[in-house]
Every structure is written in structure tokens, then in C-alpha cells.
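What's in target12.cif: mmCIF, C-alpha atoms
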```cif
data_structure
loop_
_atom_site.group_PDB
_atom_site.id
_atom_site.type_symbol
_atom_site.label_atom_id
_atom_site.label_comp_id
_atom_site.auth_asym_id
_atom_site.auth_seq_id
_atom_site.Cartn_x
_atom_site.Cartn_y
_atom_site.Cartn_z
ATOM 1 C CA MET X 1 101.238 90.594 89.542
ATOM 2 C CA LYS X 2 104.979 91.200 89.107
ATOM 3 C CA GLN X 3 104.301 94.917 88.668
ATOM 4 C CA LEU X 4 102.259 95.033 91.879
ATOM 5 C CA LEU X 5 104.967 93.184 93.815
ATOM 6 C CA LEU X 6 107.651 95.513 92.426
ATOM 7 C CA THR X 7 105.598 98.573 93.399
ATOM 8 C CA VAL X 8 105.114 97.262 96.949
ATOM 9 C CA LEU X 9 108.818 96.452 97.322
ATOM 10 C CA LEU X 10 109.889 99.871 96.026
ATOM 11 C CA THR X 11 107.459 101.603 98.361
ATOM 12 C CA LEU X 12 108.686 99.631 101.366
ATOM 13 C CA SER X 13 112.333 100.227 100.494
ATOM 14 C CA ALA X 14 111.905 103.985 99.870
ATOM 15 C CA PRO X 15 113.438 106.243 102.498
ATOM 16 C CA LEU X 16 111.010 107.211 105.219
ATOM 17 C CA SER X 17 111.469 110.909 104.441
ATOM 18 C CA ALA X 18 110.339 110.384 100.822
ATOM 19 C CA GLN X 19 107.308 108.406 101.998
ATOM 20 C CA SER X 20 106.486 111.144 104.522
ATOM 21 C CA ALA X 21 106.886 113.867 101.888
ATOM 22 C CA ALA X 22 104.418 112.092 99.610
ATOM 23 C CA ARG X 23 101.757 112.180 102.337
ATOM 24 C CA SER X 24 102.407 115.624 103.796
ATOM 25 C CA LEU X 25 101.694 119.135 102.622
ATOM 26 C CA PRO X 26 104.570 121.345 101.374
ATOM 27 C CA GLU X 27 105.013 123.449 104.514
ATOM 28 C CA TRP X 28 108.190 124.943 103.007
ATOM 29 C CA MET X 29 105.838 127.060 100.828
ATOM 30 C CA ALA X 30 104.199 128.797 103.806
ATOM 31 C CA GLY X 31 104.799 132.527 103.955
ATOM 32 C CA THR X 32 104.467 135.729 101.976
ATOM 33 C CA TRP X 33 106.323 135.832 98.662
ATOM 34 C CA MET X 34 106.891 138.609 96.119
ATOM 35 C CA THR X 35 108.610 139.229 92.809
ATOM 36 C CA GLU X 36 109.078 142.473 90.900
ATOM 37 C CA ASP X 37 110.470 143.204 87.443
ATOM 38 C CA GLY X 38 110.269 146.907 86.748
ATOM 39 C CA ALA X 39 106.621 147.868 87.223
ATOM 40 C CA THR X 40 105.434 144.236 86.851
ATOM 41 C CA TRP X 41 104.761 142.533 90.181
ATOM 42 C CA SER X 42 103.354 139.314 91.575
ATOM 43 C CA ASP X 43 102.830 138.019 95.076
ATOM 44 C CA GLU X 44 101.589 134.860 96.787
ATOM 45 C CA VAL X 45 100.691 134.114 100.373
ATOM 46 C CA TRP X 46 100.449 130.544 101.695
ATOM 47 C CA THR X 47 99.216 129.585 105.153
ATOM 48 C CA ASP X 48 100.843 126.954 107.329
ATOM 49 C CA ALA X 49 99.535 123.434 106.874
ATOM 50 C CA ARG X 50 96.720 122.755 109.308
ATOM 51 C CA GLY X 51 93.892 120.260 109.192
ATOM 52 C CA GLY X 52 95.191 118.793 105.926
ATOM 53 C CA LEU X 53 94.935 122.139 104.134
ATOM 54 C CA MET X 54 97.069 125.072 103.031
ATOM 55 C CA LEU X 55 95.274 128.171 101.720
ATOM 56 C CA GLY X 56 96.840 130.471 99.164
ATOM 57 C CA ILE X 57 96.131 133.770 97.474
ATOM 58 C CA ALA X 58 97.975 135.216 94.515
ATOM 59 C CA ARG X 59 97.793 138.388 92.485
ATOM 60 C CA THR X 60 99.716 139.981 89.625
ATOM 61 C CA GLY X 61 99.784 143.472 88.255
ATOM 62 C CA PHE X 62 101.595 146.307 86.599
ATOM 63 C CA GLY X 63 102.272 149.456 88.609
ATOM 64 C CA PRO X 64 99.078 150.256 90.515
ATOM 65 C CA ARG X 65 96.941 148.048 88.216
ATOM 66 C CA LEU X 66 95.739 144.590 89.319
ATOM 67 C CA ASP X 67 95.789 142.233 86.312
ATOM 68 C CA SER X 68 94.728 138.951 87.906
ATOM 69 C CA TRP X 69 94.106 137.230 91.221
ATOM 70 C CA GLU X 70 93.526 133.678 92.380
ATOM 71 C CA LEU X 71 92.395 131.706 95.400
ATOM 72 C CA ALA X 72 94.140 128.358 95.860
ATOM 73 C CA GLN X 73 94.326 125.348 98.138
ATOM 74 C CA ILE X 74 96.764 122.533 98.588
ATOM 75 C CA ARG X 75 94.848 119.844 100.374
ATOM 76 C CA GLN X 76 95.128 116.295 101.514
ATOM 77 C CA ARG X 77 92.233 114.259 100.183
ATOM 78 C CA PRO X 78 90.489 111.632 102.346
ATOM 79 C CA ASP X 79 92.529 108.891 100.609
ATOM 80 C CA GLY X 80 95.775 110.639 101.667
ATOM 81 C CA THR X 81 96.723 111.994 98.234
ATOM 82 C CA ILE X 82 97.544 115.675 97.743
ATOM 83 C CA ALA X 83 95.885 118.047 95.238
ATOM 84 C CA PHE X 84 96.213 121.687 94.196
ATOM 85 C CA VAL X 85 92.869 123.467 93.708
ATOM 86 C CA ALA X 86 92.842 126.779 91.817
ATOM 87 C CA GLN X 87 90.087 129.383 91.473
ATOM 88 C CA PRO X 88 91.326 132.190 89.221
ATOM 89 C CA ARG X 89 89.281 135.348 89.798
ATOM 90 C CA GLY X 90 86.890 133.300 91.961
ATOM 91 C CA LYS X 91 85.650 131.193 89.013
ATOM 92 C CA ASP X 92 84.898 127.470 89.237
ATOM 93 C CA ALA X 93 87.636 125.457 90.932
ATOM 94 C CA SER X 94 90.016 123.251 88.935
ATOM 95 C CA GLU X 95 91.847 120.388 90.631
ATOM 96 C CA PHE X 96 95.402 119.275 89.845
ATOM 97 C CA PRO X 97 96.493 116.016 91.535
ATOM 98 C CA MET X 98 100.056 115.812 92.828
ATOM 99 C CA VAL X 99 102.301 113.857 90.448
ATOM 100 C CA LEU X 100 105.803 114.437 91.894
ATOM 101 C CA VAL X 101 107.118 115.379 95.319
ATOM 102 C CA SER X 102 110.425 115.697 97.160
ATOM 103 C CA GLU X 103 111.518 117.477 100.323
ATOM 104 C CA GLU X 104 111.648 120.883 98.569
ATOM 105 C CA ALA X 105 109.638 120.459 95.354
ATOM 106 C CA ILE X 106 106.107 119.550 94.373
ATOM 107 C CA GLU X 107 104.350 119.185 91.018
ATOM 108 C CA PHE X 108 100.669 118.920 90.140
ATOM 109 C CA ALA X 109 99.132 118.028 86.770
ATOM 110 C CA ASN X 110 95.774 117.901 85.038
ATOM 111 C CA PRO X 111 96.166 117.082 81.312
ATOM 112 C CA ALA X 112 92.415 117.643 80.735
ATOM 113 C CA HIS X 113 92.657 121.319 81.801
ATOM 114 C CA ASP X 114 93.159 123.934 79.069
ATOM 115 C CA TYR X 115 95.949 126.002 80.677
ATOM 116 C CA PRO X 116 97.847 125.521 82.786
ATOM 117 C CA GLN X 117 98.077 121.736 82.801
ATOM 118 C CA ARG X 118 101.117 121.539 85.047
ATOM 119 C CA ILE X 119 101.917 123.531 88.211
ATOM 120 C CA ARG X 120 105.317 123.261 89.896
ATOM 121 C CA TYR X 121 106.749 124.803 93.054
ATOM 122 C CA TRP X 122 110.269 124.340 94.392
ATOM 123 C CA ARG X 123 112.725 126.029 96.721
ATOM 124 C CA GLN X 124 116.027 127.380 95.495
ATOM 125 C CA GLY X 125 117.789 128.533 98.630
ATOM 126 C CA LYS X 126 115.578 131.204 100.166
ATOM 127 C CA LEU X 127 113.589 131.703 96.946
ATOM 128 C CA LEU X 128 110.257 130.079 96.133
ATOM 129 C CA MET X 129 110.122 129.177 92.460
ATOM 130 C CA ALA X 130 106.822 128.614 90.630
ATOM 131 C CA GLU X 131 106.099 127.512 87.088
ATOM 132 C CA ILE X 132 102.949 126.809 85.097
ATOM 133 C CA SER X 133 102.914 125.197 81.657
ATOM 134 C CA LYS X 134 101.229 122.785 79.308
ATOM 135 C CA ILE X 135 101.778 119.124 80.240
ATOM 136 C CA ASP X 136 104.743 118.899 77.799
ATOM 137 C CA GLY X 137 106.436 121.945 79.375
ATOM 138 C CA SER X 138 105.526 124.337 76.553
ATOM 139 C CA GLN X 139 104.074 127.805 77.182
ATOM 140 C CA ALA X 140 105.925 127.935 80.495
ATOM 141 C CA MET X 141 105.631 130.947 82.773
ATOM 142 C CA ARG X 142 107.983 131.167 85.762
ATOM 143 C CA TRP X 143 108.136 133.279 88.918
ATOM 144 C CA ASN X 144 111.093 133.665 91.279
ATOM 145 C CA TYR X 145 109.607 134.792 94.589
ATOM 146 C CA ARG X 146 111.619 136.225 97.452
ATOM 147 C CA PRO X 147 110.304 136.033 101.004
ATOM 148 C CA VAL X 148 108.646 139.151 102.380
ATOM 149 C CA VAL X 149 109.535 139.860 105.987
ATOM 150 C CA PRO X 150 106.402 140.891 107.913
ATOM 151 C CA PRO X 151 106.532 144.137 109.894
ATOM 152 C CA GLN X 152 107.686 143.835 113.484
ATOM 153 C CA ASP X 153 105.605 145.203 116.382
#
```

Turn this file's structure into C-alpha cells for me.
Amino acid sequence: MKQLLLTVLLTLSAPLSAQSAARSLPEWMAGTWMTEDGATWSDEVWTDARGGLMLGIARTGFGPRLDSWELAQIRQRPDGTIAFVAQPRGKDASEFPMVLVSEEAIEFANPAHDYPQRIRYWRQGKLLMAEISKIDGSQAMRWNYRPVVPPQD
């Protein structure tokens, strides 16, 4: 009972912005993002949040070769919680519930998944940072995406 009361008090005393961030989608991820290192490249595109859903696509490659691609969603579930849903190469979807959130960072985790078990996104200035890893942080892979400016009419 003490734990429940403490949780309620902490929730009520938390800043409104933190409470709002926990219930809203990470709109700061919306846009087209790219990283290149020599001939190795990776890009992600995230839609604006609408209807409790953000849609994403990602692909990686080397020179003209496509190595992998993925369809993704960040969605608000009916109970108000947020989850990341990944479909690498269009295979069966895997869900990663949100475990941490702030105004410019979000983390999802699914310890039962083989790899990755943890997915993190955060902003560092104008860059979008992304990292996948095992739940303990091992086998980490990181991307530093820069925004891609769309062509002007």
C-alpha cells in the first residue's frame, strides 16, 4: 500500500511536461534522416504523429547495394502506453514497450526478443541519434542521423 501511495504522489508531483511526454508520441523524430560513412549508408523516415501513430521506414546499404530494410510504428495503445513495433524485411512484427521517455529521448525494451532487446532514440542538437542493443547495453549499434532537407518547388 505504501508503494502504491508513493507512486501516486510521485505521479501527481511530476512536472506536467514529463507527464505529457509519457503519454505523447515523440514528434521530434518526424522527418527524413540520413547517415553516411564512406560507402556505408543508412536512412530513416518518420511521419508526423497523427491518430496515435507514427509510421517509419528504414534502410541500410553499402554503395548501391541495399543490405536491409524495415517497416516500423510508434503507436499509442488503447491504454495510453506507447510501443515501438518493428517489421524487419516485412517479417512478423515485434513489439517493444516504452520504458523511458523525456522531452527529447525515448527508449523501448523487450527482454524476450533475441536482438535487439533495447531501442533508443534521442536528439543531440539537430541530429537524431539511434541505438539498438541487448537489454544490458551489450552488442550496441549506433547511428547519428542528420536531417535531410526536402527539395523545394

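One finds atom CA of X:Arg65 at 29.1 Å from atom CA of X:Gln124.
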
Using all atoms listed in the file, give me every residue within 10 Å of (104.1, 128.2, 88.3) in file coordinates, as number ranges by chain. X: 107, 116, 118-122, 129-133, 140-144

I want to know what sits within 10 Å of stretch 35-48 of chain X, based on all atoms listed in the file, with residues of the same chain fewer than 2 positions away left out; could you give that as a VMD selection string? chain X and resid 25 to 33 50 to 51 53 to 74 127 to 128 143 to 148

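In this model, the gap between atom CA of X:Ala109 and atom CA of X:Lys126 comes to 25.0 Å.
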
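Residues matching the PyMOL selection byres ((chain X and resi 85) around 10) in this structure come to Leu55, Gly56, Leu71, Ala72, Gln73, Ile74, Arg75, Ile82, Ala83, Phe84, Ala86, Gln87, Pro88, Asp92, Ala93, Ser94, Glu95, Phe96, Pro97 and Phe108 of chain X.
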
Size and centre in Å, one decimal, axis-aligned box, all listed stretch 62-67 of chain X atoms plus 5 Å per side, as lines of an AutoDock Vina configuration file:
```
center_x = 99.0
center_y = 146.2
center_z = 88.4
size_x = 16.5
size_y = 18.0
size_z = 14.2
```

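Note that the spacing between atom CA of X:Lys134 and atom CA of X:Ala105 amounts to 18.3 Å.
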
Go through X:Ser24, X:Ile106, X:Pro111, X:Val99 one by one, measure the shortest atom-to-atom distance of each to X:Arg77 using all atoms listed in the file, and give the residue with the smallest value. X:Ser24

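Distances to X:Gly52 were evaluated for X:Gln76, X:Val101, X:Met34, X:Gly125 using all atoms listed in the file, and the minimum falls at X:Gln76.
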